[in-house]
>>> print(open('upload03.csv').read())   # CSV, C-alpha atoms
chain,number,residue,atom,x,y,z
A,1,MET,CA,12.6,-19.4,20.3
A,2,GLN,CA,14.9,-22.3,19.8
A,3,THR,CA,18.3,-22.1,21.3
A,4,ASN,CA,19.9,-22.1,17.8
A,5,SER,CA,18.2,-18.8,16.9
A,6,PRO,CA,20.7,-16.1,16.1
A,7,ILE,CA,19.1,-13.9,18.8
A,8,ALA,CA,18.9,-16.6,21.5
A,9,GLY,CA,21.9,-15.0,23.2
A,10,CYS,CA,20.0,-11.8,24.1
A,11,ARG,CA,19.6,-11.1,27.8
A,12,GLN,CA,16.4,-12.7,29.3
A,13,SER,CA,14.7,-10.2,31.7
A,14,SER,CA,11.1,-9.9,32.9
A,15,LEU,CA,8.6,-8.3,30.5
A,16,ALA,CA,7.7,-4.7,30.8
A,17,ILE,CA,4.1,-5.6,30.6
A,18,LYS,CA,4.7,-7.5,33.9
A,19,GLY,CA,6.6,-4.8,35.6
A,20,GLY,CA,10.1,-5.4,34.1
A,21,LYS,CA,12.3,-2.8,32.5
A,22,PRO,CA,11.5,-2.2,28.8
A,23,VAL,CA,14.2,-2.8,26.2
A,24,ARG,CA,14.0,0.8,25.2
A,25,ASN,CA,13.5,4.1,27.0
A,26,ASN,CA,12.0,5.9,24.0
A,27,TRP,CA,9.3,4.9,21.5
A,28,LEU,CA,10.3,3.3,18.2
A,29,PRO,CA,7.5,3.8,15.6
A,30,TYR,CA,6.6,1.2,13.0
A,31,GLY,CA,7.2,3.7,10.2
A,32,HIS,CA,8.7,7.2,9.9
A,33,GLN,CA,9.6,9.6,7.1
A,34,VAL,CA,13.2,10.5,6.3
A,35,VAL,CA,13.6,14.2,5.5
A,36,ASP,CA,17.0,15.8,5.1
A,37,ASP,CA,18.5,19.1,4.3
A,38,GLU,CA,18.2,18.5,0.6
A,39,ASP,CA,14.5,17.9,0.9
A,40,ILE,CA,14.1,21.1,3.0
A,41,ALA,CA,16.1,23.1,0.4
A,42,ALA,CA,13.8,21.8,-2.4
A,43,VAL,CA,10.7,22.7,-0.4
A,44,THR,CA,12.1,26.1,0.4
A,45,ALA,CA,12.9,26.8,-3.3
A,46,ALA,CA,9.2,25.9,-4.1
A,47,LEU,CA,8.0,28.2,-1.3
A,48,THR,CA,10.0,31.1,-2.7
A,49,SER,CA,9.1,30.5,-6.4
A,50,ASP,CA,6.3,32.0,-8.4
A,51,PHE,CA,4.2,28.8,-8.1
A,52,LEU,CA,2.9,27.2,-5.0
A,53,THR,CA,0.4,25.2,-6.9
A,54,GLN,CA,-0.3,24.2,-10.6
A,55,GLY,CA,3.3,25.0,-11.4
A,56,PRO,CA,6.2,23.2,-13.1
A,57,ARG,CA,7.2,21.0,-10.2
A,58,ILE,CA,4.1,18.9,-10.5
A,59,GLN,CA,5.1,17.5,-13.9
A,60,GLU,CA,8.7,17.2,-12.8
A,61,PHE,CA,7.6,14.9,-10.0
A,62,GLU,CA,5.2,13.0,-12.3
A,63,ASN,CA,8.0,12.5,-14.8
A,64,ALA,CA,10.3,11.1,-12.2
A,65,VAL,CA,7.8,8.5,-10.9
A,66,ALA,CA,6.7,7.5,-14.4
A,67,ALA,CA,10.3,7.1,-15.5
A,68,HIS,CA,11.1,4.9,-12.5
A,69,VAL,CA,8.1,2.6,-12.9
A,70,GLY,CA,8.4,2.5,-16.7
A,71,VAL,CA,5.0,3.9,-17.8
A,72,LYS,CA,4.1,6.7,-20.2
A,73,TYR,CA,1.9,8.9,-18.0
A,74,ALA,CA,1.6,9.9,-14.3
A,75,VAL,CA,-1.0,12.1,-12.6
A,76,ALA,CA,0.0,13.5,-9.2
A,77,ILE,CA,-3.0,13.9,-6.9
A,78,ALA,CA,-3.9,14.9,-3.4
A,79,ASN,CA,-3.5,11.6,-1.6
A,80,GLY,CA,-3.6,7.8,-2.1
A,81,THR,CA,-7.4,7.6,-1.6
A,82,ALA,CA,-8.0,10.3,-4.2
A,83,ALA,CA,-5.8,8.3,-6.5
A,84,LEU,CA,-8.0,5.3,-6.2
A,85,HIS,CA,-11.2,7.4,-6.6
A,86,ALA,CA,-9.8,9.0,-9.7
A,87,ALA,CA,-8.6,5.7,-11.2
A,88,TYR,CA,-11.9,4.0,-10.6
A,89,GLU,CA,-13.8,6.8,-12.2
A,90,ALA,CA,-11.5,6.9,-15.2
A,91,ALA,CA,-12.0,3.2,-15.6
A,92,GLY,CA,-15.7,3.8,-15.9
A,93,ILE,CA,-16.8,2.2,-12.6
A,94,SER,CA,-20.2,3.6,-11.7
A,95,ALA,CA,-23.4,3.0,-9.7
A,96,GLY,CA,-24.4,-0.6,-9.7
A,97,ASP,CA,-21.0,-2.0,-10.8
A,98,GLU,CA,-18.8,-4.3,-8.7
A,99,ILE,CA,-15.0,-4.7,-8.2
A,100,ILE,CA,-13.1,-7.7,-6.9
A,101,THR,CA,-10.4,-6.8,-4.4
A,102,THR,CA,-8.7,-8.1,-1.3
A,103,PRO,CA,-9.9,-7.5,2.3
A,104,ILE,CA,-6.3,-7.3,3.6
A,105,THR,CA,-5.7,-3.6,2.7
A,106,PHE,CA,-6.6,-0.2,4.0
A,107,ALA,CA,-10.3,0.5,3.7
A,108,ALA,CA,-9.7,3.1,1.0
A,109,THR,CA,-9.3,0.4,-1.6
A,110,SER,CA,-13.0,-0.5,-1.1
A,111,ASN,CA,-14.2,2.9,-0.1
A,112,ALA,CA,-13.3,4.5,-3.4
A,113,ALA,CA,-15.7,2.1,-5.1
A,114,LEU,CA,-18.5,3.1,-2.8
A,115,TYR,CA,-17.9,6.8,-3.6
A,116,LEU,CA,-19.0,5.9,-7.2
A,117,GLY,CA,-22.0,3.8,-6.1
A,118,ALA,CA,-20.2,0.5,-6.8
A,119,LYS,CA,-19.6,-2.4,-4.4
A,120,PRO,CA,-16.6,-4.6,-3.6
A,121,LEU,CA,-16.5,-8.4,-3.8
A,122,TYR,CA,-13.7,-10.0,-1.8
A,123,ALA,CA,-11.2,-12.6,-3.0
A,124,ASP,CA,-9.3,-14.5,-0.4
A,125,VAL,CA,-5.5,-14.0,0.2
A,126,ASP,CA,-2.6,-16.4,0.5
A,127,PRO,CA,-2.3,-16.8,4.3
A,128,ASP,CA,1.5,-17.0,4.0
A,129,THR,CA,1.9,-13.7,2.1
A,130,GLY,CA,-1.2,-11.6,2.5
A,131,LEU,CA,-1.4,-11.2,-1.3
A,132,ILE,CA,-4.6,-11.6,-3.2
A,133,SER,CA,-5.1,-15.2,-4.3
A,134,ALA,CA,-5.4,-15.5,-8.1
A,135,ALA,CA,-7.3,-18.8,-7.6
A,136,SER,CA,-9.8,-17.0,-5.4
A,137,VAL,CA,-10.2,-14.2,-8.0
A,138,GLU,CA,-10.7,-16.8,-10.7
A,139,LYS,CA,-13.4,-18.6,-8.6
A,140,LEU,CA,-15.3,-15.4,-8.1
A,141,LEU,CA,-15.1,-14.4,-11.8
A,142,LYS,CA,-16.2,-17.9,-12.9
A,143,GLU,CA,-19.1,-18.1,-10.4
A,144,ASN,CA,-20.4,-14.7,-11.2
A,145,ARG,CA,-20.1,-15.2,-15.0
A,146,ALA,CA,-22.0,-18.5,-14.7
A,147,ALA,CA,-24.7,-16.8,-12.7
A,148,GLY,CA,-25.1,-14.2,-15.4
A,149,ASN,CA,-23.6,-11.4,-13.3
A,150,LYS,CA,-22.1,-8.7,-15.6
A,151,LYS,CA,-21.6,-6.1,-12.9
A,152,ILE,CA,-17.9,-6.9,-12.3
A,153,LYS,CA,-15.9,-4.2,-14.0
A,154,ALA,CA,-12.4,-4.6,-12.4
A,155,VAL,CA,-10.0,-6.7,-10.4
A,156,VAL,CA,-8.1,-4.4,-8.0
A,157,ALA,CA,-5.1,-6.2,-6.6
A,158,VAL,CA,-2.9,-4.8,-3.8
A,159,ASP,CA,0.9,-5.1,-3.5
A,160,TYR,CA,0.7,-5.9,0.2
A,161,ALA,CA,3.6,-4.8,2.3
A,162,GLY,CA,5.6,-3.9,-0.8
A,163,GLN,CA,5.6,-7.2,-2.6
A,164,PRO,CA,4.1,-7.1,-6.1
A,165,THR,CA,1.2,-9.4,-6.5
A,166,ASP,CA,1.0,-12.0,-9.4
A,167,TYR,CA,0.6,-9.5,-12.2
A,168,ASP,CA,0.9,-11.9,-15.0
A,169,THR,CA,-1.7,-14.4,-13.8
A,170,LEU,CA,-4.1,-11.7,-12.8
A,171,GLN,CA,-3.8,-10.0,-16.1
A,172,ALA,CA,-4.5,-13.3,-17.9
A,173,LEU,CA,-7.7,-13.7,-15.8
A,174,ALA,CA,-8.7,-10.1,-16.5
A,175,ASP,CA,-8.3,-10.7,-20.2
A,176,GLN,CA,-10.2,-14.0,-20.1
A,177,TYR,CA,-13.2,-12.5,-18.3
A,178,GLU,CA,-13.0,-9.1,-20.0
A,179,VAL,CA,-12.6,-7.0,-16.9
A,180,SER,CA,-10.0,-4.4,-16.1
A,181,LEU,CA,-7.0,-5.1,-13.9
A,182,MET,CA,-5.9,-2.3,-11.6
A,183,ILE,CA,-3.1,-2.3,-9.0
A,184,ASP,CA,-3.2,-0.6,-5.7
A,185,ALA,CA,0.6,-0.1,-5.5
A,186,ALA,CA,0.5,2.1,-2.4
A,187,HIS,CA,3.2,-0.1,-0.8
A,188,SER,CA,5.4,-1.0,-3.7
A,189,LEU,CA,7.3,2.0,-5.0
A,190,GLY,CA,10.8,0.6,-5.3
A,191,ALA,CA,9.8,-3.0,-5.6
A,192,ARG,CA,10.7,-5.3,-8.5
A,193,TYR,CA,8.5,-7.7,-10.5
A,194,LYS,CA,10.7,-10.0,-12.6
A,195,GLU,CA,12.8,-7.5,-14.5
A,196,ARG,CA,10.6,-4.5,-14.0
A,197,ALA,CA,9.7,-1.9,-11.3
A,198,GLY,CA,6.7,-2.7,-9.2
A,199,GLY,CA,3.5,-0.9,-10.0
A,200,PHE,CA,3.6,-1.0,-13.8
A,201,ALA,CA,0.8,-3.5,-14.3
A,202,GLY,CA,-2.9,-3.2,-15.3
A,203,ILE,CA,-4.7,-0.4,-17.0
A,204,MET,CA,-3.7,1.9,-14.1
A,205,SER,CA,-1.9,1.7,-10.8
A,206,THR,CA,-2.1,4.0,-7.8
A,207,MET,CA,0.5,5.0,-5.2
A,208,SER,CA,0.5,6.8,-1.9
A,209,PHE,CA,3.1,9.2,-0.4
A,210,HIS,CA,2.0,9.3,3.2
A,211,PRO,CA,4.9,9.7,5.6
A,212,VAL,CA,5.2,6.0,6.4
A,213,LYS,CA,5.5,5.0,2.7
A,214,THR,CA,8.7,4.5,0.7
A,215,ILE,CA,8.9,8.2,-0.1
A,216,THR,CA,6.7,11.0,1.2
A,217,THR,CA,5.2,14.3,-0.1
A,218,GLY,CA,3.4,14.7,3.3
A,219,GLU,CA,0.1,13.7,1.9
A,220,GLY,CA,-0.1,12.8,-1.8
A,221,GLY,CA,-0.6,10.1,-4.3
A,222,ILE,CA,-0.2,9.3,-8.0
A,223,ILE,CA,-1.9,7.4,-10.8
A,224,LEU,CA,0.2,5.6,-13.4
A,225,THR,CA,-1.0,4.5,-16.9
A,226,ASN,CA,0.1,3.8,-20.4
A,227,ASP,CA,-3.3,4.8,-21.8
A,228,GLU,CA,-3.6,8.4,-23.2
A,229,LYS,CA,-7.4,8.5,-22.9
A,230,LEU,CA,-7.3,7.5,-19.3
A,231,TYR,CA,-4.6,10.0,-18.7
A,232,ASP,CA,-6.7,12.8,-20.1
A,233,ARG,CA,-9.7,11.7,-18.0
A,234,LEU,CA,-7.6,11.7,-14.9
A,235,LEU,CA,-6.2,15.2,-15.5
A,236,ALA,CA,-9.8,16.5,-15.8
A,237,PHE,CA,-11.1,14.6,-12.7
A,238,ARG,CA,-8.4,16.0,-10.4
A,239,SER,CA,-9.2,19.6,-11.4
A,240,HIS,CA,-13.0,20.0,-11.3
A,241,GLY,CA,-13.5,18.4,-14.8
A,242,ILE,CA,-12.1,21.6,-16.4
A,243,GLU,CA,-10.3,21.5,-19.7
A,244,LYS,CA,-8.0,24.3,-20.8
A,245,ARG,CA,-6.1,22.8,-23.7
A,246,ARG,CA,-7.1,24.7,-26.8
A,247,GLU,CA,-7.2,21.6,-29.0
A,248,ARG,CA,-9.7,19.9,-26.7
A,249,LEU,CA,-12.2,22.8,-26.3
A,250,GLN,CA,-15.6,22.6,-28.0
A,251,LYS,CA,-15.3,26.3,-28.9
A,252,ASP,CA,-12.8,29.1,-28.2
A,253,ASP,CA,-14.1,32.5,-27.0
A,254,GLY,CA,-10.6,33.8,-26.3
A,255,PRO,CA,-7.3,33.1,-24.4
A,256,TRP,CA,-9.1,33.1,-21.1
A,257,TYR,CA,-11.6,30.5,-22.2
A,258,HIS,CA,-11.9,27.0,-20.5
A,259,GLU,CA,-14.7,24.5,-20.2
A,260,MET,CA,-16.0,22.3,-17.5
A,261,GLN,CA,-16.6,19.2,-19.6
A,262,SER,CA,-17.3,16.7,-16.7
A,263,LEU,CA,-17.8,16.6,-13.0
A,264,GLY,CA,-14.5,16.5,-11.2
A,265,PHE,CA,-12.9,17.2,-7.8
A,266,ASN,CA,-10.2,19.5,-6.5
A,267,TYR,CA,-7.7,16.7,-6.0
A,268,ARG,CA,-4.6,18.7,-7.0
A,269,MET,CA,-1.2,18.2,-5.4
A,270,CYS,CA,0.7,21.4,-4.8
A,271,ASP,CA,4.2,22.4,-5.9
A,272,ILE,CA,5.5,22.3,-2.4
A,273,GLN,CA,4.5,18.6,-2.1
A,274,ALA,CA,5.9,17.8,-5.5
A,275,ALA,CA,9.2,19.5,-4.8
A,276,LEU,CA,9.6,17.3,-1.7
A,277,GLY,CA,8.6,14.2,-3.8
A,278,SER,CA,11.1,14.9,-6.5
A,279,SER,CA,13.9,15.3,-3.9
A,280,GLN,CA,12.8,12.1,-2.2
A,281,MET,CA,12.8,10.2,-5.6
A,282,VAL,CA,16.5,10.8,-5.8
A,283,LYS,CA,16.9,9.0,-2.5
A,284,LEU,CA,14.6,6.1,-3.4
A,285,PRO,CA,17.4,3.6,-4.2
A,286,GLY,CA,19.1,4.3,-0.9
A,287,PHE,CA,15.8,4.0,1.0
A,288,ILE,CA,15.1,0.6,-0.6
A,289,GLU,CA,18.6,-0.6,0.1
A,290,ARG,CA,18.3,0.2,3.8
A,291,ARG,CA,14.8,-1.4,4.0
A,292,LEU,CA,16.2,-4.6,2.4
A,293,GLN,CA,19.1,-4.6,5.0
A,294,ILE,CA,16.6,-4.3,7.9
A,295,ALA,CA,14.4,-7.0,6.4
A,296,ALA,CA,17.4,-9.3,5.9
A,297,ALA,CA,18.4,-8.9,9.6
A,298,TYR,CA,14.9,-9.6,10.8
A,299,THR,CA,14.6,-12.7,8.5
A,300,ALA,CA,17.9,-14.1,9.5
A,301,ALA,CA,17.1,-13.7,13.2
A,302,LEU,CA,13.6,-15.2,13.0
A,303,LYS,CA,14.0,-18.0,10.5
A,304,ASP,CA,14.3,-20.7,13.2
A,305,SER,CA,11.8,-19.2,15.6
A,306,ASP,CA,9.0,-21.5,17.1
A,307,THR,CA,7.0,-18.4,17.9
A,308,TYR,CA,7.2,-16.1,14.9
A,309,GLY,CA,7.2,-16.7,11.1
A,310,VAL,CA,8.0,-14.3,8.3
A,311,THR,CA,5.9,-13.9,5.2
A,312,THR,CA,7.2,-15.6,2.1
A,313,THR,CA,8.3,-13.8,-1.0
A,314,GLY,CA,8.2,-14.8,-4.7
A,315,GLY,CA,11.5,-15.8,-6.2
A,316,ASP,CA,10.9,-13.5,-9.2
A,317,ARG,CA,9.9,-10.5,-7.0
A,318,GLN,CA,11.6,-8.2,-4.6
A,319,SER,CA,9.5,-6.4,-2.0
A,320,ALA,CA,10.0,-2.8,-1.3
A,321,TYR,CA,9.3,-3.7,2.4
A,322,HIS,CA,6.9,-0.8,3.2
A,323,LEU,CA,6.0,-3.2,6.0
A,324,PHE,CA,7.7,-6.2,7.6
A,325,PRO,CA,4.9,-8.5,8.6
A,326,ILE,CA,5.5,-11.4,11.0
A,327,LEU,CA,3.0,-14.2,11.7
A,328,ILE,CA,2.4,-15.7,15.1
A,329,LYS,CA,2.8,-19.5,15.0
A,330,GLY,CA,0.9,-22.3,16.8
A,331,GLU,CA,-2.5,-22.7,18.3
A,332,ASN,CA,-4.6,-19.9,19.7
A,333,ALA,CA,-2.6,-17.5,17.4
A,334,GLY,CA,-5.2,-14.7,17.9
A,335,GLU,CA,-4.8,-14.7,21.7
A,336,LYS,CA,-1.0,-14.9,21.4
A,337,ARG,CA,-1.0,-12.1,18.8
A,338,ARG,CA,-2.8,-9.7,21.2
A,339,PHE,CA,-0.3,-10.6,24.0
A,340,VAL,CA,2.7,-10.1,21.7
A,341,PHE,CA,1.3,-6.8,20.4
A,342,GLU,CA,0.6,-5.4,23.9
A,343,ALA,CA,3.9,-6.7,25.3
A,344,LEU,CA,5.9,-5.1,22.4
A,345,HIS,CA,4.2,-1.8,23.0
A,346,LYS,CA,5.2,-1.9,26.7
A,347,GLU,CA,8.8,-2.6,25.5
A,348,ASN,CA,8.5,0.7,23.5
A,349,ILE,CA,8.4,-1.2,20.2
A,350,GLY,CA,5.7,0.5,18.0
A,351,VAL,CA,4.2,-2.4,16.1
A,352,GLN,CA,1.0,-2.3,14.2
A,353,VAL,CA,-1.5,-4.8,12.6
A,354,HIS,CA,-2.1,-4.6,8.8
A,355,TYR,CA,-5.0,-5.1,8.3
A,356,ILE,CA,-8.4,-5.7,9.8
A,357,PRO,CA,-10.3,-7.3,6.9
A,358,THR,CA,-12.5,-4.6,5.4
A,359,TYR,CA,-15.6,-6.8,5.5
A,360,GLN,CA,-15.3,-6.9,9.3
A,361,MET,CA,-15.8,-3.1,9.5
A,362,PRO,CA,-19.2,-2.3,11.1
A,363,TYR,CA,-20.1,0.1,8.2
A,364,TYR,CA,-19.5,-2.6,5.6
A,365,LYS,CA,-21.3,-5.3,7.6
A,366,GLU,CA,-24.3,-3.1,8.4
A,367,GLN,CA,-24.7,-1.0,5.3
A,368,VAL,CA,-22.8,-2.4,2.3
A,369,LEU,CA,-22.4,-6.1,2.2
A,370,ASP,CA,-25.1,-8.7,1.7
A,371,ARG,CA,-23.1,-11.8,2.7
A,372,ASP,CA,-20.7,-13.0,5.3
A,373,TRP,CA,-17.4,-12.7,3.6
A,374,SER,CA,-15.4,-14.1,6.6
A,375,ALA,CA,-16.7,-17.6,5.7
A,376,LEU,CA,-15.5,-17.2,2.1
A,377,CYS,CA,-12.1,-15.8,3.0
A,378,PRO,CA,-10.4,-18.3,5.4
A,379,GLY,CA,-7.0,-17.2,4.3
A,380,ALA,CA,-7.7,-13.6,5.2
A,381,GLU,CA,-9.2,-14.6,8.5
A,382,ASP,CA,-6.1,-16.7,9.3
A,383,PHE,CA,-3.7,-14.0,8.2
A,384,TYR,CA,-5.4,-11.2,10.2
A,385,LYS,CA,-5.3,-13.3,13.4
A,386,ARG,CA,-1.6,-13.9,13.2
A,387,GLU,CA,-0.1,-10.7,11.6
A,388,ILE,CA,2.0,-8.0,13.3
A,389,SER,CA,4.1,-5.4,11.4
A,390,LEU,CA,7.5,-4.7,12.9
A,391,PRO,CA,9.2,-1.3,12.7
A,392,ILE,CA,11.0,-0.7,9.4
A,393,PHE,CA,12.1,2.6,7.9
A,394,PRO,CA,15.4,3.8,6.4
A,395,SER,CA,16.7,5.8,9.4
A,396,MET,CA,16.5,2.9,11.8
A,397,LYS,CA,19.8,2.2,13.5
A,398,GLU,CA,21.4,-1.1,14.2
A,399,GLN,CA,20.5,-0.7,17.9
A,400,ASP,CA,16.9,-0.2,16.9
A,401,ILE,CA,16.9,-3.5,15.1
A,402,ALA,CA,18.6,-5.2,18.1
A,403,ASP,CA,16.0,-3.8,20.4
A,404,VAL,CA,13.1,-5.2,18.3
A,405,LEU,CA,14.7,-8.6,18.3
A,406,GLU,CA,15.5,-8.5,22.0
A,407,ALA,CA,11.9,-7.7,22.8
A,408,LEU,CA,10.6,-10.5,20.5
A,409,THR,CA,13.0,-12.9,22.3
A,410,LYS,CA,11.8,-11.8,25.8
A,411,ILE,CA,8.2,-12.4,24.7
A,412,ALA,CA,8.8,-15.7,23.0
A,413,GLY,CA,10.4,-16.9,26.3
A,414,GLU,CA,7.3,-16.0,28.2
A,415,LEU,CA,5.1,-17.7,25.7
A,416,ALA,CA,7.2,-20.9,25.8
>>> encode(input="upload03.csv", output="structure tokens")
Amino acid sequence: MQTNSPIAGCRQSSLAIKGGKPVRNNWLPYGHQVVDDEDIAAVTAALTSDFLTQGPRIQEFENAVAAHVGVKYAVAIANGTAALHAAYEAAGISAGDEIITTPITFAATSNAALYLGAKPLYADVDPDTGLISAASVEKLLKENRAAGNKKIKAVVAVDYAGQPTDYDTLQALADQYEVSLMIDAAHSLGARYKERAGGFAGIMSTMSFHPVKTITTGEGGIILTNDEKLYDRLLAFRSHGIEKRRERLQKDDGPWYHEMQSLGFNYRMCDIQAALGSSQMVKLPGFIERRLQIAAAYTAALKDSDTYGVTTTGGDRQSAYHLFPILIKGENAGEKRRFVFEALHKENIGVQVHYIPTYQMPYYKEQVLDRDWSALCPGAEDFYKREISLPIFPSMKEQDIADVLEALTKIAGELA
């Protein structure tokens, strides 16, 4: 790093990967849940209540998330992958269809299409943000429309690292080409897009509550929508396709009567999880405030670095900072990234890489895809070779932040 970097004054010692003393004695993970006594009390109350599942706490949690995001309906579900599966099915995606999505995301974004017999097409990403490129989406839509391909049913954008993607431009493209826009908002609970909460856009958005996400329910997810018909379809899909509401039954043989009207899954969230989620939602503003503080400290320290860059953010958007990605600078970035990654681990800094492009996965290359998407997604290739995610979670202490920055400084000195 340059000598004018705010962290240039950290002590310079030999790297742990070369036998030196690590900056920390204990492991610092890249993400971690924050669960306090109030959360434990909420879960305990659920455990001692009359309902462990299919009880009132489900809708309480759904209402809290829907109110925060600013949508009419929310459907809590078993996990983030189940949320994607349910959303795709509710949107009418089926065998032979295609979706356009990003390769810089967890595999579930594409996998959920495969569950229904559909296939993904990959738009490129902005190599400075990791967000799906609207220009690349438009190019795919235009080329496929010109070729007479009517299989594309949806564009599925991802709010990578917690920053909302370009909702307005993508919605305009979806409207122009008569496809659905859906948002994988697993990272962006607590984010802002212009004057609204992140995750509101498209016909549906999905979220995840895995322990490394902004709030947690252990495992869990949710689908958000303003469309009542989609809401009804989602309710049925998460519970075996069974309908119990009297006004929606084809006949009524008695108060016990219900109907399986479609093929669904057991994707229900339980009341124990929902109780934790509702308690966590109360803390969401504080969680986001702390993530922003950590992100600001990292950004200030790294802004003049010759070795590390930070991803850019849109001026009209505020990231929820589920992740804090840095990008390795200079030539041979892929080789440098591996060294930095391994060296940070030896310093007890638990970094991760987000993500290996989905089209690089052996299953996709060998059994799903019919073309080499790496050649069509240079931005994704570049981003993947350079990206490392630094630790960021609300319970990090100031010393934790200092340790991350000191380790980065040690490694930058070695690379220089």
>>> closest_residue(input="upload03.csv", among="A:Asp271, A:Glu289, A:Glu38, A:Glu335", to="Thr217 (chain A)", atoms="all atoms listed in the file")
A:Asp271
>>> residues_near_point(input="upload03.csv", point="(-18.8, -4.5, -15.6)", cutoff="8 Å", atoms="only C-alpha atoms", output="list in words")
Ile93, Asp97, Glu98, Lys150, Lys151, Ile152, Lys153, Ala154 and Val179 of chain A
>>> closest_residue(input="upload03.csv", among="A:Asn266, A:Thr216, A:Ser319, A:Ser278", to="Gly31 (chain A)", atoms="all atoms listed in the file")
A:Thr216
>>> residues_around(input="upload03.csv", residues="Lys119 (chain A)", least_positions_apart="4", cutoff="12 Å", atoms="only C-alpha atoms", output="list in words")
Tyr88, Ile93, Ser94, Ala95, Gly96, Asp97, Glu98, Ile99, Ile100, Thr101, Thr109, Ser110, Asn111, Ala112, Ala113, Leu114, Tyr115, Lys151, Ile152, Lys153, Ala154, Tyr359, Tyr364, Gln367, Val368, Leu369 and Asp370 of chain A
>>> atom_distance(input="upload03.csv", atom1="CA of Gln176 (chain A)", atom2="CA of Ala91 (chain A)")
17.9 Å
>>> closest_residue(input="upload03.csv", among="A:His240, A:His258, A:Arg291, A:Lys194", to="Ile401 (chain A)", atoms="only C-alpha atoms")
A:Arg291
>>> closest_residue(input="upload03.csv", among="A:Val155, A:Lys283, A:Gln293, A:Gly241", to="Ala64 (chain A)", atoms="all atoms listed in the file")
A:Lys283
>>> closest_residue(input="upload03.csv", among="A:Leu224, A:Val23, A:Ala375, A:Ala191", to="Leu284 (chain A)", atoms="only C-alpha atoms")
A:Ala191
>>> closest_residue(input="upload03.csv", among="A:Tyr122, A:Ala90, A:Ile183, A:Ser205", to="Ser262 (chain A)", atoms="only C-alpha atoms")
A:Ala90
>>> atom_distance(input="upload03.csv", atom1="CA of Thr312 (chain A)", atom2="CA of Tyr193 (chain A)")
14.9 Å
>>> residues_around(input="upload03.csv", residues="Gly350 (chain A)", least_positions_apart="3", cutoff="12 Å", atoms="all atoms listed in the file", output="ChimeraX atom specification")
/A:24,26-32,340-347,353,388-392,400,403-404,407
>>> write_last_selection(input="upload03.csv", atoms="C-alpha atoms", output="JSON list (two decimals), keeping the file's coordinate frame")
[["chain", "number", "residue", "atom", "x", "y", "z"],
["A", 24, "ARG", "CA", 14.00, 0.80, 25.20],
["A", 26, "ASN", "CA", 12.00, 5.90, 24.00],
["A", 27, "TRP", "CA", 9.30, 4.90, 21.50],
["A", 28, "LEU", "CA", 10.30, 3.30, 18.20],
["A", 29, "PRO", "CA", 7.50, 3.80, 15.60],
["A", 30, "TYR", "CA", 6.60, 1.20, 13.00],
["A", 31, "GLY", "CA", 7.20, 3.70, 10.20],
["A", 32, "HIS", "CA", 8.70, 7.20, 9.90],
["A", 340, "VAL", "CA", 2.70, -10.10, 21.70],
["A", 341, "PHE", "CA", 1.30, -6.80, 20.40],
["A", 342, "GLU", "CA", 0.60, -5.40, 23.90],
["A", 343, "ALA", "CA", 3.90, -6.70, 25.30],
["A", 344, "LEU", "CA", 5.90, -5.10, 22.40],
["A", 345, "HIS", "CA", 4.20, -1.80, 23.00],
["A", 346, "LYS", "CA", 5.20, -1.90, 26.70],
["A", 347, "GLU", "CA", 8.80, -2.60, 25.50],
["A", 353, "VAL", "CA", -1.50, -4.80, 12.60],
["A", 388, "ILE", "CA", 2.00, -8.00, 13.30],
["A", 389, "SER", "CA", 4.10, -5.40, 11.40],
["A", 390, "LEU", "CA", 7.50, -4.70, 12.90],
["A", 391, "PRO", "CA", 9.20, -1.30, 12.70],
["A", 392, "ILE", "CA", 11.00, -0.70, 9.40],
["A", 400, "ASP", "CA", 16.90, -0.20, 16.90],
["A", 403, "ASP", "CA", 16.00, -3.80, 20.40],
["A", 404, "VAL", "CA", 13.10, -5.20, 18.30],
["A", 407, "ALA", "CA", 11.90, -7.70, 22.80]]
>>> residues_around(input="upload03.csv", residues="Gln250 (chain A)", least_positions_apart="5", cutoff="10 Å", atoms="only C-alpha atoms", output="PyMOL selection string")
chain A and resi 243+258-259+261
>>> atom_distance(input="upload03.csv", atom1="CA of Leu376 (chain A)", atom2="CA of Gly334 (chain A)")
19.0 Å
>>> residues_around(input="upload03.csv", residues="Gly309 (chain A)", least_positions_apart="2", cutoff="8 Å", atoms="all atoms listed in the file", output="PDB file with C-alpha atoms, in the frame of the given file")
ATOM      1  CA  LEU A 302      13.600 -15.200  13.000  1.00  0.00           C
ATOM      2  CA  LYS A 303      14.000 -18.000  10.500  1.00  0.00           C
ATOM      3  CA  SER A 305      11.800 -19.200  15.600  1.00  0.00           C
ATOM      4  CA  ASP A 306       9.000 -21.500  17.100  1.00  0.00           C
ATOM      5  CA  THR A 307       7.000 -18.400  17.900  1.00  0.00           C
ATOM      6  CA  THR A 311       5.900 -13.900   5.200  1.00  0.00           C
ATOM      7  CA  ILE A 326       5.500 -11.400  11.000  1.00  0.00           C
ATOM      8  CA  LEU A 327       3.000 -14.200  11.700  1.00  0.00           C
ATOM      9  CA  ILE A 328       2.400 -15.700  15.100  1.00  0.00           C
ATOM     10  CA  LYS A 329       2.800 -19.500  15.000  1.00  0.00           C
TER      11      LYS A 329
END
>>> residues_around(input="upload03.csv", residues="Leu47 (chain A)", least_positions_apart="4", cutoff="9 Å", atoms="all atoms listed in the file", output="number ranges by chain")
A: 42-43, 51-52, 271-272
